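Down below is the structure, laid out as structure tokens.
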Amino acid sequence: MSKKKILIFDDDKVILEVIMIIFEEGGYEVEISETSHDIIQKVSQFQPDVILMDNWIPNIGGVEATKLLKNNEEFKKIPVIYITANSDITALAESAQADDYIAKPFNLDDLEEKVAKYMKD
């Protein structure tokens, strides 16, 4: 069985490193990106099972990047978990058409649980 894949978009290198280590130790294949303008290309190349999307990511931002994905026939079924420190995270995640969300700062166990929820076959 092949490893499940997670694609993470966040411009915070520390968060990227921590999340990457946690999920790689959990047996996932992880790819990261500090920008979101080429989301379709990245998703097409990596074919992730789940995407973690930060709100404040250059160049087009998390909402627009997620919308691009969700409006693409080929990729709209890939679950996107929206991650942000904004107080209006529910509205942002809804606006982006994300499947779920988690607020920063987050508990790593909560993040792992949320990802696992969308990894079911």
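Just so we're on the same page: first chain in the structure tokens is A, next is B, and so on; residues restart at 1 for each chain, and ligands are numbered from 1 in the order they show up.
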
- Write out as a list of chain:residue names all residues of range 30-109 of chain A that backbone DSSP assigns to helix (DSSP H, G or I).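 So, restricting range 30-109 of chain A to helix (DSSP H, G or I), we get A:Ile39, A:Ile40, A:Gln41, A:Lys42, A:Val43, A:Ser44, A:Gln45, A:Phe46, A:Gly61, A:Gly62, A:Val63, A:Glu64, A:Ala65, A:Thr66, A:Lys67, A:Leu68, A:Leu69, A:Lys70, A:Ile89, A:Thr90, A:Ala91, A:Leu92, A:Ala93, A:Glu94, A:Ser95, A:Ala96, A:Leu108, A:Asp109.
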
Take the residues that were just selected and, keeping C-alpha atoms, output them as a PDB file, in the first residue's frame.
ATOM      1  CA  ILE A  39      -1.359  25.422  -6.431  1.00  0.00           C
ATOM      2  CA  ILE A  40      -2.854  23.634  -9.459  1.00  0.00           C
ATOM      3  CA  GLN A  41       0.611  22.678 -10.743  1.00  0.00           C
ATOM      4  CA  LYS A  42       1.769  21.481  -7.297  1.00  0.00           C
ATOM      5  CA  VAL A  43      -1.390  19.442  -6.683  1.00  0.00           C
ATOM      6  CA  SER A  44      -1.196  17.965 -10.180  1.00  0.00           C
ATOM      7  CA  GLN A  45       2.418  16.856  -9.651  1.00  0.00           C
ATOM      8  CA  PHE A  46       2.087  15.547  -6.080  1.00  0.00           C
ATOM      9  CA  GLY A  61      -3.660  33.905  -0.284  1.00  0.00           C
ATOM     10  CA  GLY A  62      -5.324  30.831   1.113  1.00  0.00           C
ATOM     11  CA  VAL A  63      -8.898  31.717   0.174  1.00  0.00           C
ATOM     12  CA  GLU A  64      -8.128  32.294  -3.502  1.00  0.00           C
ATOM     13  CA  ALA A  65      -5.792  29.280  -3.726  1.00  0.00           C
ATOM     14  CA  THR A  66      -8.431  26.994  -2.200  1.00  0.00           C
ATOM     15  CA  LYS A  67     -11.111  28.370  -4.527  1.00  0.00           C
ATOM     16  CA  LEU A  68      -8.885  27.661  -7.533  1.00  0.00           C
ATOM     17  CA  LEU A  69      -8.600  24.077  -6.377  1.00  0.00           C
ATOM     18  CA  LYS A  70     -12.280  23.629  -5.521  1.00  0.00           C
ATOM     19  CA  ILE A  89     -11.801  31.303  10.701  1.00  0.00           C
ATOM     20  CA  THR A  90     -15.232  29.740  10.145  1.00  0.00           C
ATOM     21  CA  ALA A  91     -16.231  32.441   7.656  1.00  0.00           C
ATOM     22  CA  LEU A  92     -12.846  32.317   5.917  1.00  0.00           C
ATOM     23  CA  ALA A  93     -12.910  28.537   5.578  1.00  0.00           C
ATOM     24  CA  GLU A  94     -16.467  28.696   4.248  1.00  0.00           C
ATOM     25  CA  SER A  95     -15.571  31.463   1.793  1.00  0.00           C
ATOM     26  CA  ALA A  96     -12.624  29.414   0.558  1.00  0.00           C
ATOM     27  CA  LEU A 108      -0.645  18.786  17.095  1.00  0.00           C
ATOM     28  CA  ASP A 109      -2.845  15.900  18.264  1.00  0.00           C
TER      29      ASP A 109
END

- Message: Report as a PyMOL selection string all protein, DNA and RNA residues lying within 8 Å of His37 in chain A, evaluated on only C-alpha atoms, omitting residues in the same chain fewer than 3 positions from it.
- Response: chain A and resi 58-60+65

- Item | Given only C-alpha atoms as the counted atoms, nearest of A:Pro48, A:Ile15, A:Val30, A:Lys117 to Pro105 in chain A | A:Ile15
